[in-house]
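Enquirer: The structure follows.
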Amino acid sequence: AVAGVVACRRMRRPADIMGRTALVTGGSRGLGLLIARELGRCGARVLITGRDGAALDAAVTDLRGEGIDAFGLAGDLSRKSDVAALSARVYGEYGGVDILVNNAGVIRVGPAAAMSEDDFALAVDTMFWGPLRLTRSLLPGLRERGGYIVNITSIGGRISVPHLLPYSCAKFAEVAFSRGLDAETAKSGVHVTTVVPGLMRTGSHVGAEFAGDPRSEYAWFATAASLPLLSMDAERAARTIVSAALRGRRHLVLTPAARAAVVADGVSPGFVQVALRVTARLMPHRESGAARTGGQAKTGTGALLDTLTRLNDRAARRFNQVPGERGRGAAGEE
């Protein structure tokens with residue numbers, strides 16, 4: 001019976017969003033940009049947010065180049081005042097939204113001892129308080145319109161990953177908010193989808209920050225996020241997310257590795273914890289050192305790592321992660 005219900009839901013036709021308005025936070029690059037593109041291709045007017053004005057302008061140019069009705073709204077969702085200003089603009093200039101995609105995030109990689117309290121605060125402000133405040137502000141309009149809320153969480157919100165503790169703490173909170181909100185709004189006509197992605201080739205390794213031993217932290221993170229067997233093509237991920245949300249799916253786990261990890265943790269959390277402890281012992285252990293972005297940490301890592309991360313490096317250029325290189329990247333690039 002359960003299998004039949006699942007099959008029927010997956011066969012359901014996506015909702016028609018032609019002429020409706022979607023807001024995608026963190027939509028100036030990476031997965032957010034690709035989700036905005038998919039929503040635009042479905043006929044929606046797309047509003048994207050971002051902290052970097054140049055990247056935001058480049059993303060809007062890229063989307064409009066495809067004939068998508070796109071607008072950029074600058075702001076930092078970790079700031080309560082920026083969220084309030086964003087909400088006011090959305091209502092005042094666009095009359096509210098039909099689809100809200102909470103995607104904005106920050107990543108800082110390194111051992112817990114190399115993380116400050118500010119690192120945890122920034123992660124929680126960006127990936128929990130920001131989505132919470134924005135959702136609460138826009139929820140009355142979404143109820144009236146029978147709208148959609150899509151929360152992009154992470155496998156790090158189901159299993160706390162070593163050397164990603166601030167990120168995982170924030171994502172655990174976001175998963176709890178998303179799933180609880182879905183339960184409480186089920187009768188209101190609002191569709192809430194909790195997306196739990198595994199590793200994806202979005203090019204985010206370029207802008208992520210690495211603490212402790214930046215070069216070594218960058219090496220494992222960038223490699224894991226690039227390998228085809230562990231990571232997922234970001235464009236396929238965006239298509240899957242948009243299709244699932246518009247079909248009314250409530251929970252979506254992306255990548256076979258992430259699904260296996262969730263099942264394993266449900267069956268035997270003790271076994272998963274042993275695996276995490278072993279993994280942590282194999283990771284770099286330096287607890288101090290100036291943090292660097294991925295672009296900085298990559299310097300001098302060698303040809304082998306360049307080969308292992310080639311797919312994700314291409315994604316970074318294509319998906320607006322590299323300053324000065326727009327959207328799809330150079331003409332003809334795969």
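Labels for the structure tokens follow display order: chains A, B, ..., residues from 1 in each chain, ligands from 1.
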Would you give me, as JSON, numbers by chain, the residues in range 53-156 of chain A that DSSP reads as helix (DSSP H, G or I)?

Expert: {"A": [53, 54, 55, 56, 57, 58, 59, 60, 61, 62, 63, 64, 65, 80, 81, 82, 83, 84, 85, 86, 87, 88, 89, 90, 91, 92, 93, 94, 112, 113, 114, 117, 118, 119, 120, 121, 122, 123, 124, 125, 126, 127, 128, 129, 130, 131, 132, 133, 134, 135, 136, 137, 138, 139, 140, 141, 142, 143, 144, 145, 155, 156]}

Enquirer: Which residues are near range 129-142 of chain A? Cut-off 10 Å, only C-alpha atoms, ignore same chain within fewer than 6 positions. Put them as a PDB file with N, CA, C and O atoms, in the first residue's frame.

Expert:
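Result written to part-v4.pdb:
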```pdb
ATOM      1  N   THR A  25      16.471  31.998  -2.413  1.00  0.00           N
ATOM      2  CA  THR A  25      17.569  32.609  -1.674  1.00  0.00           C
ATOM      3  C   THR A  25      18.878  31.919  -2.052  1.00  0.00           C
ATOM      4  O   THR A  25      18.900  30.737  -2.369  1.00  0.00           O
ATOM      5  N   ASP A  76      21.693  39.983   2.949  1.00  0.00           N
ATOM      6  CA  ASP A  76      22.375  38.951   3.719  1.00  0.00           C
ATOM      7  C   ASP A  76      21.357  38.351   4.692  1.00  0.00           C
ATOM      8  O   ASP A  76      20.925  39.008   5.648  1.00  0.00           O
ATOM      9  N   LEU A  77      20.971  37.111   4.464  1.00  0.00           N
ATOM     10  CA  LEU A  77      19.914  36.493   5.266  1.00  0.00           C
ATOM     11  C   LEU A  77      20.339  36.196   6.698  1.00  0.00           C
ATOM     12  O   LEU A  77      19.493  35.844   7.533  1.00  0.00           O
ATOM     13  N   SER A  78      21.629  36.331   6.999  1.00  0.00           N
ATOM     14  CA  SER A  78      22.058  36.147   8.386  1.00  0.00           C
ATOM     15  C   SER A  78      21.720  37.370   9.233  1.00  0.00           C
ATOM     16  O   SER A  78      21.825  37.327  10.462  1.00  0.00           O
ATOM     17  N   ARG A  79      21.295  38.462   8.589  1.00  0.00           N
ATOM     18  CA  ARG A  79      20.960  39.699   9.297  1.00  0.00           C
ATOM     19  C   ARG A  79      19.442  39.861   9.361  1.00  0.00           C
ATOM     20  O   ARG A  79      18.771  39.858   8.331  1.00  0.00           O
ATOM     21  N   LYS A  80      18.922  40.025  10.563  1.00  0.00           N
ATOM     22  CA  LYS A  80      17.476  40.160  10.751  1.00  0.00           C
ATOM     23  C   LYS A  80      16.926  41.351   9.976  1.00  0.00           C
ATOM     24  O   LYS A  80      15.843  41.272   9.370  1.00  0.00           O
ATOM     25  N   ASP A  82      18.058  42.667   7.194  1.00  0.00           N
ATOM     26  CA  ASP A  82      18.032  42.380   5.755  1.00  0.00           C
ATOM     27  C   ASP A  82      16.846  41.495   5.396  1.00  0.00           C
ATOM     28  O   ASP A  82      16.230  41.669   4.328  1.00  0.00           O
ATOM     29  N   VAL A  83      16.521  40.543   6.263  1.00  0.00           N
ATOM     30  CA  VAL A  83      15.366  39.678   5.998  1.00  0.00           C
ATOM     31  C   VAL A  83      14.075  40.496   6.004  1.00  0.00           C
ATOM     32  O   VAL A  83      13.208  40.330   5.138  1.00  0.00           O
ATOM     33  N   ALA A  84      13.963  41.415   6.964  1.00  0.00           N
ATOM     34  CA  ALA A  84      12.773  42.258   7.030  1.00  0.00           C
ATOM     35  C   ALA A  84      12.662  43.141   5.790  1.00  0.00           C
ATOM     36  O   ALA A  84      11.572  43.302   5.218  1.00  0.00           O
ATOM     37  N   LEU A  86      13.968  42.539   2.826  1.00  0.00           N
ATOM     38  CA  LEU A  86      13.672  41.670   1.691  1.00  0.00           C
ATOM     39  C   LEU A  86      12.188  41.335   1.635  1.00  0.00           C
ATOM     40  O   LEU A  86      11.555  41.412   0.572  1.00  0.00           O
ATOM     41  N   SER A  87      11.631  40.965   2.769  1.00  0.00           N
ATOM     42  CA  SER A  87      10.212  40.630   2.819  1.00  0.00           C
ATOM     43  C   SER A  87       9.354  41.819   2.403  1.00  0.00           C
ATOM     44  O   SER A  87       8.383  41.671   1.647  1.00  0.00           O
ATOM     45  N   ALA A  88       9.719  43.008   2.881  1.00  0.00           N
ATOM     46  CA  ALA A  88       8.961  44.210   2.525  1.00  0.00           C
ATOM     47  C   ALA A  88       9.009  44.471   1.022  1.00  0.00           C
ATOM     48  O   ALA A  88       8.003  44.850   0.406  1.00  0.00           O
ATOM     49  N   VAL A  90       9.499  42.212  -1.338  1.00  0.00           N
ATOM     50  CA  VAL A  90       8.749  41.162  -2.034  1.00  0.00           C
ATOM     51  C   VAL A  90       7.256  41.479  -2.040  1.00  0.00           C
ATOM     52  O   VAL A  90       6.590  41.367  -3.075  1.00  0.00           O
ATOM     53  N   TYR A  91       6.737  41.912  -0.890  1.00  0.00           N
ATOM     54  CA  TYR A  91       5.319  42.264  -0.828  1.00  0.00           C
ATOM     55  C   TYR A  91       5.028  43.565  -1.571  1.00  0.00           C
ATOM     56  O   TYR A  91       4.045  43.663  -2.313  1.00  0.00           O
ATOM     57  N   GLY A  95       4.071  41.843  -4.819  1.00  0.00           N
ATOM     58  CA  GLY A  95       2.800  41.339  -4.325  1.00  0.00           C
ATOM     59  C   GLY A  95       2.868  40.009  -3.612  1.00  0.00           C
ATOM     60  O   GLY A  95       1.861  39.320  -3.474  1.00  0.00           O
ATOM     61  N   GLY A  96       4.053  39.610  -3.167  1.00  0.00           N
ATOM     62  CA  GLY A  96       4.216  38.317  -2.504  1.00  0.00           C
ATOM     63  C   GLY A  96       4.726  37.263  -3.472  1.00  0.00           C
ATOM     64  O   GLY A  96       5.019  37.538  -4.632  1.00  0.00           O
ATOM     65  N   VAL A  97       4.873  36.046  -2.986  1.00  0.00           N
ATOM     66  CA  VAL A  97       5.396  34.962  -3.814  1.00  0.00           C
ATOM     67  C   VAL A  97       4.495  33.735  -3.715  1.00  0.00           C
ATOM     68  O   VAL A  97       3.746  33.567  -2.749  1.00  0.00           O
ATOM     69  N   ASP A  98       4.595  32.900  -4.732  1.00  0.00           N
ATOM     70  CA  ASP A  98       3.880  31.621  -4.754  1.00  0.00           C
ATOM     71  C   ASP A  98       4.791  30.463  -4.366  1.00  0.00           C
ATOM     72  O   ASP A  98       4.316  29.412  -3.938  1.00  0.00           O
ATOM     73  N   ILE A  99       6.097  30.674  -4.560  1.00  0.00           N
ATOM     74  CA  ILE A  99       7.076  29.615  -4.294  1.00  0.00           C
ATOM     75  C   ILE A  99       8.252  30.241  -3.556  1.00  0.00           C
ATOM     76  O   ILE A  99       8.813  31.247  -4.009  1.00  0.00           O
ATOM     77  N   LEU A 100       8.630  29.665  -2.434  1.00  0.00           N
ATOM     78  CA  LEU A 100       9.792  30.110  -1.674  1.00  0.00           C
ATOM     79  C   LEU A 100      10.779  28.964  -1.585  1.00  0.00           C
ATOM     80  O   LEU A 100      10.438  27.883  -1.104  1.00  0.00           O
ATOM     81  N   VAL A 101      12.001  29.195  -2.058  1.00  0.00           N
ATOM     82  CA  VAL A 101      13.062  28.191  -1.966  1.00  0.00           C
ATOM     83  C   VAL A 101      14.136  28.730  -1.027  1.00  0.00           C
ATOM     84  O   VAL A 101      14.842  29.690  -1.346  1.00  0.00           O
ATOM     85  N   ASN A 102      14.247  28.121   0.150  1.00  0.00           N
ATOM     86  CA  ASN A 102      15.280  28.499   1.117  1.00  0.00           C
ATOM     87  C   ASN A 102      16.543  27.691   0.817  1.00  0.00           C
ATOM     88  O   ASN A 102      16.639  26.512   1.154  1.00  0.00           O
ATOM     89  N   ASN A 103      17.493  28.355   0.161  1.00  0.00           N
ATOM     90  CA  ASN A 103      18.682  27.651  -0.305  1.00  0.00           C
ATOM     91  C   ASN A 103      19.990  28.253   0.199  1.00  0.00           C
ATOM     92  O   ASN A 103      21.018  27.582   0.203  1.00  0.00           O
ATOM     93  N   ALA A 104      19.987  29.513   0.627  1.00  0.00           N
ATOM     94  CA  ALA A 104      21.231  30.198   0.986  1.00  0.00           C
ATOM     95  C   ALA A 104      21.981  29.448   2.075  1.00  0.00           C
ATOM     96  O   ALA A 104      21.383  28.902   3.010  1.00  0.00           O
ATOM     97  N   GLY A 105      23.313  29.422   1.969  1.00  0.00           N
ATOM     98  CA  GLY A 105      24.104  28.720   2.963  1.00  0.00           C
ATOM     99  C   GLY A 105      25.550  29.167   2.972  1.00  0.00           C
ATOM    100  O   GLY A 105      26.007  29.865   2.065  1.00  0.00           O
ATOM    101  N   ALA A 121      27.637  30.712  15.020  1.00  0.00           N
ATOM    102  CA  ALA A 121      26.576  31.721  14.964  1.00  0.00           C
ATOM    103  C   ALA A 121      26.243  32.092  13.527  1.00  0.00           C
ATOM    104  O   ALA A 121      25.070  32.218  13.157  1.00  0.00           O
ATOM    105  N   LEU A 122      27.285  32.270  12.685  1.00  0.00           N
ATOM    106  CA  LEU A 122      27.040  32.628  11.299  1.00  0.00           C
ATOM    107  C   LEU A 122      26.295  31.522  10.568  1.00  0.00           C
ATOM    108  O   LEU A 122      25.356  31.784   9.797  1.00  0.00           O
ATOM    109  N   ALA A 123      26.684  30.271  10.810  1.00  0.00           N
ATOM    110  CA  ALA A 123      26.010  29.141  10.164  1.00  0.00           C
ATOM    111  C   ALA A 123      24.540  29.081  10.569  1.00  0.00           C
ATOM    112  O   ALA A 123      23.651  28.923   9.713  1.00  0.00           O
ATOM    113  N   TYR A 148       4.143  27.050  -2.348  1.00  0.00           N
ATOM    114  CA  TYR A 148       5.124  25.990  -2.132  1.00  0.00           C
ATOM    115  C   TYR A 148       6.328  26.550  -1.369  1.00  0.00           C
ATOM    116  O   TYR A 148       6.813  27.641  -1.677  1.00  0.00           O
ATOM    117  N   ILE A 149       6.793  25.784  -0.386  1.00  0.00           N
ATOM    118  CA  ILE A 149       8.029  26.101   0.327  1.00  0.00           C
ATOM    119  C   ILE A 149       8.982  24.931   0.122  1.00  0.00           C
ATOM    120  O   ILE A 149       8.615  23.776   0.379  1.00  0.00           O
ATOM    121  N   ASN A 151      12.719  23.696   1.207  1.00  0.00           N
ATOM    122  CA  ASN A 151      13.862  23.928   2.091  1.00  0.00           C
ATOM    123  C   ASN A 151      15.004  23.003   1.693  1.00  0.00           C
ATOM    124  O   ASN A 151      14.893  21.776   1.800  1.00  0.00           O
ATOM    125  N   ALA A 170      23.552  23.750  12.030  1.00  0.00           N
ATOM    126  CA  ALA A 170      22.550  24.611  11.402  1.00  0.00           C
ATOM    127  C   ALA A 170      21.579  23.799  10.557  1.00  0.00           C
ATOM    128  O   ALA A 170      20.360  24.054  10.559  1.00  0.00           O
ATOM    129  N   ALA A 173      18.940  21.891  12.559  1.00  0.00           N
ATOM    130  CA  ALA A 173      17.856  22.788  12.958  1.00  0.00           C
ATOM    131  C   ALA A 173      16.925  23.072  11.784  1.00  0.00           C
ATOM    132  O   ALA A 173      15.696  23.128  11.948  1.00  0.00           O
ATOM    133  N   GLU A 174      17.496  23.238  10.595  1.00  0.00           N
ATOM    134  CA  GLU A 174      16.673  23.525   9.421  1.00  0.00           C
ATOM    135  C   GLU A 174      15.790  22.334   9.057  1.00  0.00           C
ATOM    136  O   GLU A 174      14.626  22.504   8.674  1.00  0.00           O
ATOM    137  N   PHE A 177      12.898  22.302  11.507  1.00  0.00           N
ATOM    138  CA  PHE A 177      11.935  23.355  11.176  1.00  0.00           C
ATOM    139  C   PHE A 177      11.099  22.960   9.965  1.00  0.00           C
ATOM    140  O   PHE A 177       9.866  23.087   9.964  1.00  0.00           O
ATOM    141  N   SER A 178      11.754  22.453   8.926  1.00  0.00           N
ATOM    142  CA  SER A 178      11.059  22.131   7.687  1.00  0.00           C
ATOM    143  C   SER A 178      10.042  21.013   7.880  1.00  0.00           C
ATOM    144  O   SER A 178       8.884  21.123   7.451  1.00  0.00           O
ATOM    145  N   LEU A 181       7.198  22.203  10.168  1.00  0.00           N
ATOM    146  CA  LEU A 181       6.341  23.147   9.458  1.00  0.00           C
ATOM    147  C   LEU A 181       5.414  22.411   8.497  1.00  0.00           C
ATOM    148  O   LEU A 181       4.229  22.749   8.365  1.00  0.00           O
ATOM    149  N   THR A 185       1.353  22.806   8.633  1.00  0.00           N
ATOM    150  CA  THR A 185       0.674  23.541   7.554  1.00  0.00           C
ATOM    151  C   THR A 185      -0.039  22.608   6.584  1.00  0.00           C
ATOM    152  O   THR A 185      -0.537  23.049   5.551  1.00  0.00           O
ATOM    153  N   SER A 188      -3.390  23.713   5.418  1.00  0.00           N
ATOM    154  CA  SER A 188      -3.523  25.117   5.007  1.00  0.00           C
ATOM    155  C   SER A 188      -3.402  25.319   3.502  1.00  0.00           C
ATOM    156  O   SER A 188      -3.591  26.425   3.008  1.00  0.00           O
ATOM    157  N   GLY A 189      -3.052  24.256   2.776  1.00  0.00           N
ATOM    158  CA  GLY A 189      -2.862  24.384   1.335  1.00  0.00           C
ATOM    159  C   GLY A 189      -1.448  24.698   0.929  1.00  0.00           C
ATOM    160  O   GLY A 189      -1.141  24.789  -0.261  1.00  0.00           O
ATOM    161  N   VAL A 190      -0.550  24.869   1.893  1.00  0.00           N
ATOM    162  CA  VAL A 190       0.857  25.117   1.596  1.00  0.00           C
ATOM    163  C   VAL A 190       1.580  23.776   1.494  1.00  0.00           C
ATOM    164  O   VAL A 190       1.425  22.907   2.358  1.00  0.00           O
ATOM    165  N   HIS A 191       2.383  23.612   0.440  1.00  0.00           N
ATOM    166  CA  HIS A 191       3.163  22.393   0.254  1.00  0.00           C
ATOM    167  C   HIS A 191       4.599  22.653   0.702  1.00  0.00           C
ATOM    168  O   HIS A 191       5.268  23.533   0.159  1.00  0.00           O
TER     169      HIS A 191
END
```

Enquirer: When you look at Pro111 in chain A with a cut-off of 7 Å (counting only C-alpha atoms), what residues show up, excluding the ones that are within fewer than 6 positions of it in the same chain? I need them as number ranges by chain.

Expert: A: 163, 212, 285, 287

Enquirer: Could you check the closest approach to Pro284 in chain A for each of A:Val267, A:Cys42, A:Ala114, A:Val253 and tell me which residue wins, using only C-alpha atoms?

Expert: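 Between A:Val267, A:Cys42, A:Ala114, A:Val253, the residue approaching Pro284 in chain A most closely is A:Ala114.
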
Enquirer: Report as a CSV table (one decimal) with N, CA, C and O atoms, in the first residue's frame all protein, DNA and RNA residues lying within 12 Å of range 319-323 of chain A, evaluated on only C-alpha atoms, omitting residues in the same chain fewer than 2 positions from it.

Expert:
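Okay, result.csv is ready:
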```csv
chain,number,residue,atom,x,y,z
A,26,GLY,N,20.0,32.7,-2.0
A,26,GLY,CA,21.2,32.1,-2.5
A,26,GLY,C,21.2,31.7,-3.9
A,26,GLY,O,21.8,30.8,-4.4
A,27,GLY,N,20.4,32.5,-4.7
A,27,GLY,CA,20.2,32.2,-6.1
A,27,GLY,C,21.1,32.7,-7.1
A,27,GLY,O,20.9,32.6,-8.3
A,28,SER,N,22.2,33.4,-6.6
A,28,SER,CA,23.1,34.0,-7.5
A,28,SER,C,24.2,33.0,-8.1
A,28,SER,O,24.9,33.4,-9.0
A,29,ARG,N,24.3,31.9,-7.5
A,29,ARG,CA,25.3,30.9,-7.9
A,29,ARG,C,24.9,29.5,-7.5
A,29,ARG,O,24.0,29.3,-6.7
A,30,GLY,N,25.7,28.5,-8.1
A,30,GLY,CA,25.5,27.1,-7.7
A,30,GLY,C,24.1,26.6,-7.8
A,30,GLY,O,23.4,26.9,-8.7
A,31,LEU,N,23.7,25.7,-6.8
A,31,LEU,CA,22.4,25.1,-6.9
A,31,LEU,C,21.3,26.1,-6.9
A,31,LEU,O,20.3,25.9,-7.6
A,32,GLY,N,21.4,27.2,-6.2
A,32,GLY,CA,20.3,28.2,-6.2
A,32,GLY,C,20.1,28.7,-7.6
A,32,GLY,O,18.9,28.9,-8.0
A,33,LEU,N,21.1,29.0,-8.3
A,33,LEU,CA,21.0,29.6,-9.6
A,33,LEU,C,20.3,28.5,-10.5
A,33,LEU,O,19.5,28.9,-11.4
A,34,LEU,N,20.7,27.3,-10.4
A,34,LEU,CA,20.1,26.2,-11.2
A,34,LEU,C,18.6,26.0,-10.9
A,34,LEU,O,17.8,25.7,-11.8
A,35,ILE,N,18.3,26.1,-9.6
A,35,ILE,CA,16.9,25.9,-9.3
A,35,ILE,C,16.1,27.1,-9.8
A,35,ILE,O,15.0,26.9,-10.4
A,36,ALA,N,16.6,28.3,-9.8
A,36,ALA,CA,16.0,29.5,-10.3
A,36,ALA,C,15.8,29.3,-11.8
A,36,ALA,O,14.7,29.6,-12.4
A,37,ARG,N,16.7,28.8,-12.5
A,37,ARG,CA,16.7,28.5,-13.9
A,37,ARG,C,15.6,27.5,-14.3
A,37,ARG,O,14.8,27.8,-15.2
A,50,GLY,N,21.1,37.4,-3.0
A,50,GLY,CA,22.6,37.1,-2.9
A,50,GLY,C,23.2,38.2,-2.1
A,50,GLY,O,22.7,39.4,-2.1
A,52,ASP,N,26.6,39.1,-2.8
A,52,ASP,CA,27.5,39.7,-3.7
A,52,ASP,C,26.8,40.3,-4.9
A,52,ASP,O,26.2,39.6,-5.7
A,53,GLY,N,26.8,41.6,-4.9
A,53,GLY,CA,26.1,42.4,-6.0
A,53,GLY,C,26.5,42.0,-7.4
A,53,GLY,O,25.7,41.9,-8.3
A,54,ALA,N,27.9,41.8,-7.6
A,54,ALA,CA,28.4,41.5,-8.9
A,54,ALA,C,27.9,40.1,-9.3
A,54,ALA,O,27.5,39.9,-10.5
A,55,ALA,N,27.9,39.2,-8.4
A,55,ALA,CA,27.5,37.8,-8.8
A,55,ALA,C,26.0,37.8,-9.0
A,55,ALA,O,25.5,37.1,-9.9
A,56,LEU,N,25.2,38.6,-8.2
A,56,LEU,CA,23.8,38.7,-8.4
A,56,LEU,C,23.5,39.3,-9.8
A,56,LEU,O,22.6,38.7,-10.5
A,57,ASP,N,24.2,40.3,-10.2
A,57,ASP,CA,23.9,40.9,-11.5
A,57,ASP,C,24.2,39.9,-12.6
A,57,ASP,O,23.5,39.8,-13.6
A,58,ALA,N,25.3,39.2,-12.4
A,58,ALA,CA,25.7,38.2,-13.5
A,58,ALA,C,24.7,37.1,-13.6
A,58,ALA,O,24.3,36.6,-14.7
A,59,ALA,N,24.1,36.7,-12.4
A,59,ALA,CA,23.1,35.6,-12.5
A,59,ALA,C,21.8,36.1,-13.1
A,59,ALA,O,21.2,35.4,-13.9
A,60,VAL,N,21.4,37.3,-12.8
A,60,VAL,CA,20.2,37.9,-13.5
A,60,VAL,C,20.4,38.0,-15.0
A,60,VAL,O,19.5,37.6,-15.8
A,61,THR,N,21.6,38.4,-15.4
A,61,THR,CA,21.9,38.5,-16.8
A,61,THR,C,21.8,37.1,-17.5
A,61,THR,O,21.3,37.0,-18.6
A,62,ASP,N,22.4,36.1,-16.8
A,62,ASP,CA,22.3,34.8,-17.3
A,62,ASP,C,20.9,34.3,-17.5
A,62,ASP,O,20.5,33.7,-18.5
A,63,LEU,N,20.1,34.5,-16.4
A,63,LEU,CA,18.7,34.0,-16.5
A,63,LEU,C,17.9,34.8,-17.6
A,63,LEU,O,17.1,34.1,-18.3
A,201,ARG,N,27.8,18.4,-7.4
A,201,ARG,CA,28.9,19.1,-8.1
A,201,ARG,C,28.3,20.5,-8.5
A,201,ARG,O,28.0,20.8,-9.6
A,202,THR,N,28.3,21.4,-7.5
A,202,THR,CA,27.9,22.7,-7.7
A,202,THR,C,29.0,23.7,-7.8
A,202,THR,O,28.7,24.9,-8.1
A,203,GLY,N,30.2,23.3,-7.6
A,203,GLY,CA,31.3,24.3,-7.6
A,203,GLY,C,31.5,25.0,-6.3
A,203,GLY,O,32.3,26.0,-6.2
A,204,SER,N,30.8,24.6,-5.2
A,204,SER,CA,30.8,25.4,-4.0
A,204,SER,C,32.2,25.2,-3.2
A,204,SER,O,32.5,26.0,-2.3
A,205,HIS,N,33.0,24.3,-3.6
A,205,HIS,CA,34.3,24.1,-3.0
A,205,HIS,C,35.2,25.4,-3.2
A,205,HIS,O,36.1,25.6,-2.5
A,206,VAL,N,34.9,26.1,-4.3
A,206,VAL,CA,35.7,27.3,-4.6
A,206,VAL,C,35.5,28.4,-3.5
A,206,VAL,O,36.4,29.1,-3.1
A,207,GLY,N,34.2,28.6,-3.1
A,207,GLY,CA,33.9,29.7,-2.2
A,207,GLY,C,33.8,29.2,-0.7
A,207,GLY,O,33.7,30.1,0.2
A,208,ALA,N,33.8,27.9,-0.5
A,208,ALA,CA,33.8,27.5,0.9
A,208,ALA,C,35.1,27.9,1.6
A,208,ALA,O,36.1,28.2,1.0
A,233,ASP,N,25.4,15.3,-10.3
A,233,ASP,CA,25.4,16.5,-11.2
A,233,ASP,C,24.4,17.5,-10.8
A,233,ASP,O,23.2,17.2,-10.5
A,234,ALA,N,24.8,18.8,-10.6
A,234,ALA,CA,23.9,19.8,-10.0
A,234,ALA,C,22.7,20.1,-10.9
A,234,ALA,O,21.6,20.4,-10.4
A,235,GLU,N,22.9,20.1,-12.2
A,235,GLU,CA,21.7,20.4,-13.1
A,235,GLU,C,20.7,19.3,-12.9
A,235,GLU,O,19.5,19.7,-12.9
A,293,THR,N,39.8,30.6,1.6
A,293,THR,CA,38.7,30.1,0.7
A,293,THR,C,39.3,29.0,-0.1
A,293,THR,O,40.5,28.8,-0.2
A,294,GLY,N,38.4,28.3,-0.8
A,294,GLY,CA,38.8,27.2,-1.6
A,294,GLY,C,39.8,27.6,-2.7
A,294,GLY,O,40.8,26.9,-3.0
A,295,GLY,N,39.5,28.8,-3.3
A,295,GLY,CA,40.4,29.3,-4.4
A,295,GLY,C,41.8,29.5,-3.9
A,295,GLY,O,42.7,29.3,-4.6
A,312,ASN,N,34.1,19.2,-10.7
A,312,ASN,CA,33.6,20.3,-9.9
A,312,ASN,C,34.2,21.7,-10.3
A,312,ASN,O,33.5,22.7,-10.1
A,313,ASP,N,35.4,21.7,-10.7
A,313,ASP,CA,36.0,22.9,-11.2
A,313,ASP,C,35.2,23.5,-12.4
A,313,ASP,O,35.0,24.7,-12.5
A,314,ARG,N,34.8,22.6,-13.3
A,314,ARG,CA,34.0,23.0,-14.4
A,314,ARG,C,32.6,23.5,-14.0
A,314,ARG,O,32.2,24.6,-14.5
A,315,ALA,N,32.1,22.9,-13.0
A,315,ALA,CA,30.8,23.3,-12.4
A,315,ALA,C,30.9,24.7,-11.8
A,315,ALA,O,30.1,25.6,-12.0
A,316,ALA,N,32.1,25.0,-11.1
A,316,ALA,CA,32.3,26.3,-10.5
A,316,ALA,C,32.3,27.4,-11.6
A,316,ALA,O,31.7,28.5,-11.4
A,317,ARG,N,32.9,27.1,-12.8
A,317,ARG,CA,33.0,28.1,-13.8
A,317,ARG,C,31.6,28.3,-14.5
A,317,ARG,O,31.2,29.4,-14.8
A,325,GLU,N,33.2,35.1,-14.3
A,325,GLU,CA,32.8,34.1,-15.2
A,325,GLU,C,31.3,33.8,-15.0
A,325,GLU,O,30.9,33.2,-14.0
A,326,ARG,N,30.5,34.1,-16.0
A,326,ARG,CA,29.1,34.1,-15.8
A,326,ARG,C,28.4,32.8,-16.0
A,326,ARG,O,28.9,32.0,-16.9
A,327,GLY,N,27.3,32.6,-15.3
A,327,GLY,CA,26.4,31.5,-15.6
A,327,GLY,C,27.0,30.2,-16.2
A,327,GLY,O,27.6,29.4,-15.6
A,328,ARG,N,26.7,30.0,-17.5
A,328,ARG,CA,27.1,28.8,-18.2
A,328,ARG,C,28.6,28.8,-18.5
A,328,ARG,O,29.1,27.8,-19.1
A,329,GLY,N,29.3,29.8,-18.2
A,329,GLY,CA,30.8,29.8,-18.5
A,329,GLY,C,31.0,30.0,-20.0
A,329,GLY,O,30.2,30.6,-20.7
A,330,ALA,N,32.2,29.7,-20.4
A,330,ALA,CA,32.6,29.9,-21.8
A,330,ALA,C,31.7,29.2,-22.8
A,330,ALA,O,31.2,28.2,-22.6
A,333,GLU,N,31.3,25.3,-23.6
A,333,GLU,CA,31.8,24.4,-22.5
A,333,GLU,C,30.7,23.4,-22.1
A,333,GLU,O,29.5,23.7,-22.0
A,334,GLU,N,31.1,22.2,-21.9
A,334,GLU,CA,30.2,21.1,-21.5
A,334,GLU,C,29.8,21.2,-20.0
A,334,GLU,O,30.6,21.7,-19.2
```

Enquirer: Tell me, in Å to one decimal, how far CA of Phe120 in chain A is from CA of Arg108 in chain A.

Expert: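 The value is 9.5 Å.
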